[in-house]
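K.L.:
Dropping the structure in here first, questions after.
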Amino acid sequence: MALSGVDEQHLSGAHIAFLQAIVEMQAAFGHDQRDGDRVSVLRHVLTRFQSQSHHAHRSAVSDLLETKSAVPLARVRGRHSGYHAAPARPQHRHVEIVHATGLEAARNAKGVVVVIDVLRSFTVSAYALAGGARECILVPTVDDALELAEHIPDAAICAEENALPIPGIAISNSPTQIAAANMRGRTLIQRSTAGTPVISAVRSDEGIFAGSLVVASATAQACLSRRPDTVTLVASADFPEDHACAKFIEAAMRGTHIDLDPMLEPLHESERYQKVMAGRWPGFPPTDIDLALAVDQFDFAMPAVRSDGHITLTASFPSR
């Protein structure tokens, strides 16, 4: 499906290929919330290209956005500066909130535990569930993923090793690829270097959630709904985006104001960010960062449940 009215010469080939994949995915919409969430992914990414494309072609991109807006949209958070977290209920304001990082911290985490992986495992999970996936199953190795997929009809595998794609597996740990895939009714099997082993290490029986910026406020509310004495926010790795997400979730629980920009500045100044944005990281398109930093893109949390030796994530909409 062509992008009508847009001069494709003024957008890079990689960007156009991604846009076309998303547009094709949206060719036949239903009217439920998950279809709206999928369209919001399109709107968010196209907005990025609108701001970058040549001035003479912005109106054409705007027309495309307006056309897609006719379909009911989920909330789209294209900006994170000065973002206000949802106010916490008064009876929960005295909960103890602990911040921790890494595998060993996950093993020792107390209370309700949120394991955070913004770039990119639990952002991938969120986009898969928003796209209609029935569940996301987290496994420790690629061999486990391949074996499990043989027993689940129409399962999709999303895997990486050391943040690089794996030969023979079409989908890397990429929300861009997941957003472009047809996930409706399917199971996504995930293997990643940080997020999946860290959440698997949690021993607490008071509740576990997979967290990322795209589901941050819903995750905070889901934690509070358990009426916990303690919530432990575990950054899966020592990265600024994971720590920023943890602080945002805490702010949402406290009902306080937080500005994410200063906390994300170290990410924007990092060598890995520059490498991704220059298109020099295989399996890690620049659009992954845009999708991962779309704060509160979705209104569901992702509770983690152990079953058959694996961790399973599903979408849960917290009561307000």
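Identifiers in the structure tokens: chain A, B, ... in order shown; residue index from 1 per chain; ligand index from 1 in order shown.
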What's around Asp229 in chain A at 9 Å? Count only C-alpha atoms, leave out sequence neighbours fewer than 4 positions away in its own chain, and write the answer as a list in words.

P.N.:
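Using only C-alpha atoms, the neighbours found are His92, His94, Val95, Glu96, Ile97, Gly111 and Val112 of chain A.
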
K.L.:
Neighbouring residues of Ser125 in chain A were defined as those with any atom within 10 Å, considering only C-alpha atoms; residues of the same chain fewer than 4 positions away were excluded. Please report them as a CSV table (one decimal) with N, CA and C atoms, in the first residue's frame.

P.N.:
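File written: result29.csv
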```
chain,number,residue,atom,x,y,z
A,120,ARG,N,15.1,-3.7,25.4
A,120,ARG,CA,13.8,-3.4,24.8
A,120,ARG,C,12.8,-4.5,25.1
A,121,SER,N,13.2,-5.5,26.0
A,121,SER,CA,12.3,-6.7,26.1
A,121,SER,C,10.9,-6.4,26.5
A,129,LEU,N,1.3,-7.5,23.1
A,129,LEU,CA,0.0,-7.6,23.7
A,129,LEU,C,-1.0,-6.6,23.2
A,130,ALA,N,-0.5,-5.4,22.9
A,130,ALA,CA,-1.4,-4.4,22.3
A,130,ALA,C,-1.8,-4.7,20.9
A,131,GLY,N,-0.9,-5.5,20.2
A,131,GLY,CA,-1.2,-5.9,18.9
A,131,GLY,C,-2.1,-7.1,18.8
A,133,ALA,N,-1.6,-10.1,20.8
A,133,ALA,CA,-1.0,-11.4,21.2
A,133,ALA,C,-1.8,-11.9,22.5
A,135,GLU,N,-0.5,-13.9,24.7
A,135,GLU,CA,0.5,-14.0,25.9
A,135,GLU,C,1.9,-13.9,25.3
A,136,CYS,N,2.8,-13.5,26.2
A,136,CYS,CA,4.2,-13.5,25.9
A,136,CYS,C,4.9,-14.5,26.9
A,137,ILE,N,5.6,-15.5,26.4
A,137,ILE,CA,6.3,-16.5,27.2
A,137,ILE,C,7.8,-16.2,27.2
A,138,LEU,N,8.4,-16.0,28.4
A,138,LEU,CA,9.8,-15.7,28.5
A,138,LEU,C,10.6,-16.9,28.8
A,158,CYS,N,10.8,-14.2,19.3
A,158,CYS,CA,11.5,-12.9,19.3
A,158,CYS,C,12.7,-13.1,20.2
A,173,ASN,N,14.9,-8.5,19.0
A,173,ASN,CA,14.2,-8.0,20.2
A,173,ASN,C,13.8,-6.5,19.9
A,174,SER,N,12.9,-6.4,19.0
A,174,SER,CA,12.6,-5.1,18.3
A,174,SER,C,11.1,-4.8,18.4
A,175,PRO,N,10.7,-3.7,19.1
A,175,PRO,CA,9.3,-3.3,19.1
A,175,PRO,C,8.8,-2.9,17.7
A,178,ILE,N,7.9,-6.0,16.0
A,178,ILE,CA,6.7,-6.6,16.6
A,178,ILE,C,5.4,-5.8,16.2
A,188,LEU,N,3.7,-15.0,21.8
A,188,LEU,CA,5.1,-14.5,21.5
A,188,LEU,C,6.0,-15.2,22.5
A,189,ILE,N,7.0,-15.9,22.0
A,189,ILE,CA,8.1,-16.5,22.8
A,189,ILE,C,9.3,-15.6,22.8
A,190,GLN,N,9.7,-15.1,23.9
A,190,GLN,CA,10.8,-14.1,24.0
A,190,GLN,C,12.0,-14.6,24.7
A,210,ALA,N,6.2,-7.1,34.7
A,210,ALA,CA,7.2,-6.6,33.7
A,210,ALA,C,6.9,-5.2,33.4
A,211,GLY,N,7.9,-4.3,33.5
A,211,GLY,CA,7.7,-2.9,33.4
A,211,GLY,C,8.5,-2.2,32.2
A,212,SER,N,7.9,-1.2,31.7
A,212,SER,CA,8.6,-0.4,30.7
A,212,SER,C,7.9,1.0,30.7
A,302,MET,N,1.5,-5.7,32.9
A,302,MET,CA,1.9,-7.0,32.5
A,302,MET,C,2.3,-7.9,33.6
A,313,LEU,N,3.6,-13.5,30.5
A,313,LEU,CA,3.0,-12.2,30.6
A,313,LEU,C,1.7,-12.1,29.9
A,314,THR,N,0.7,-11.4,30.5
A,314,THR,CA,-0.5,-11.1,29.8
A,314,THR,C,-0.8,-9.6,30.1
A,315,ALA,N,-1.8,-9.1,29.3
A,315,ALA,CA,-2.3,-7.7,29.5
A,315,ALA,C,-3.3,-7.7,30.6
```

K.L.:
What's the 10 Å shell around Phe209 in chain A, counting only C-alpha atoms, without same-chain residues fewer than 2 positions away, as a list of chain:residue names?

P.N.:
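Once the nearby chain positions are removed, what remains is A:Val112, A:Val113, A:Val114, A:Val115, A:Ile116, A:Phe122, A:Ile199, A:Gly207, A:Gly211, A:Ser212, A:Thr219, A:Ala220, A:Ala222, A:Cys223, A:Leu233, A:Ala301, A:Met302, A:Pro303, A:Ala304, A:Val305, A:Leu313, A:Thr314.
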
K.L.:
Do a neighbour search on Asp144 in chain A at 10 Å with only C-alpha atoms, toss out local chain neighbours closer than 3 positions, and write the hits as an MDAnalysis selection string.

P.N.:
chainID A and resid 138:141 147:149 189:191 310

K.L.:
May I have the selected residues written with N, CA and C atoms, as a compact mmCIF listing (two decimals), in the first residue's frame?

P.N.:
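Printed below is selection.txt as written:
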```txt
# COMPACT_ATOMS: atom_id res chain seq x y z
N LEU A 138 8.36 -16.03 28.39
CA LEU A 138 9.77 -15.67 28.50
C LEU A 138 10.58 -16.92 28.80
N VAL A 139 11.61 -17.15 28.01
CA VAL A 139 12.45 -18.34 28.17
C VAL A 139 13.91 -17.95 28.28
N PRO A 140 14.75 -18.81 28.90
CA PRO A 140 16.14 -18.43 29.15
C PRO A 140 17.08 -18.57 27.96
N THR A 141 16.80 -19.48 27.04
CA THR A 141 17.74 -19.71 25.94
C THR A 141 17.02 -19.74 24.60
N GLU A 147 12.33 -24.92 20.87
CA GLU A 147 11.64 -26.14 21.28
C GLU A 147 10.19 -25.84 21.67
N LEU A 148 9.98 -24.77 22.43
CA LEU A 148 8.64 -24.42 22.87
C LEU A 148 7.75 -24.08 21.68
N ALA A 149 8.32 -23.40 20.69
CA ALA A 149 7.54 -23.00 19.52
C ALA A 149 7.00 -24.20 18.75
N ILE A 189 7.04 -15.86 21.98
CA ILE A 189 8.06 -16.47 22.82
C ILE A 189 9.28 -15.57 22.78
N GLN A 190 9.72 -15.10 23.95
CA GLN A 190 10.79 -14.11 24.03
C GLN A 190 12.02 -14.65 24.74
N ARG A 191 13.17 -14.33 24.18
CA ARG A 191 14.45 -14.58 24.83
C ARG A 191 15.30 -13.32 24.68
N HIS A 310 8.26 -21.63 32.94
CA HIS A 310 8.45 -20.40 32.20
C HIS A 310 7.71 -19.25 32.90
```

K.L.:
If you run DSSP on the backbone here, which positions in range 99-312 of chain A get alpha helix (DSSP H)? Please write them as a PyMOL selection string.

P.N.:
chain A and resi 102-107+121-130+142-149+175-180+195-200+216-225+240-254+260-268+271-277+287-292

K.L.:
Could you check which of A:His268, A:Ala100, A:Ala278, A:Ala155 is closest to Val231 in chain A, using only C-alpha atoms?

P.N.:
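Of the candidates, the smallest distance to Val231 in chain A is held by A:Ala100.
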
K.L.:
One decimal, Å: what's the distance from CA of Asp154 in chain A over to CA of Thr187 in chain A, could you say?

P.N.:
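So the two atoms, CA of Asp154 in chain A and CA of Thr187 in chain A, lie 7.4 Å apart.
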
K.L.:
For Ser236 in chain A, which residue out of A:Ala194, A:Val98, A:Val295, A:Ala170 is the nearest one, using only C-alpha atoms?

P.N.:
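Smallest separation from Ser236 in chain A among the options: A:Ala194.
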
K.L.:
Ranking A:Pro240, A:Pro153, A:Gly168, A:Gly279 by minimum distance to Leu260 in chain A and counting only C-alpha atoms, which one comes first?

P.N.:
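Among the listed residues, A:Pro240 lies closest to Leu260 in chain A.
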
K.L.:
Pick from A:Val198, A:Val142, A:Ala159, A:Ile208: nearest to Ala235 in chain A, with only C-alpha atoms counted?

P.N.:
A:Val198

K.L.:
Using Å and a single decimal, report how far CA of Thr101 in chain A sits from CA of Pro262 in chain A.

P.N.:
19.8 Å

K.L.:
Quick one: distance from CA of Phe317 in chain A to CA of Ala218 in chain A in Å, one decimal?

P.N.:
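Between CA of Phe317 in chain A and CA of Ala218 in chain A the gap works out to 7.4 Å.
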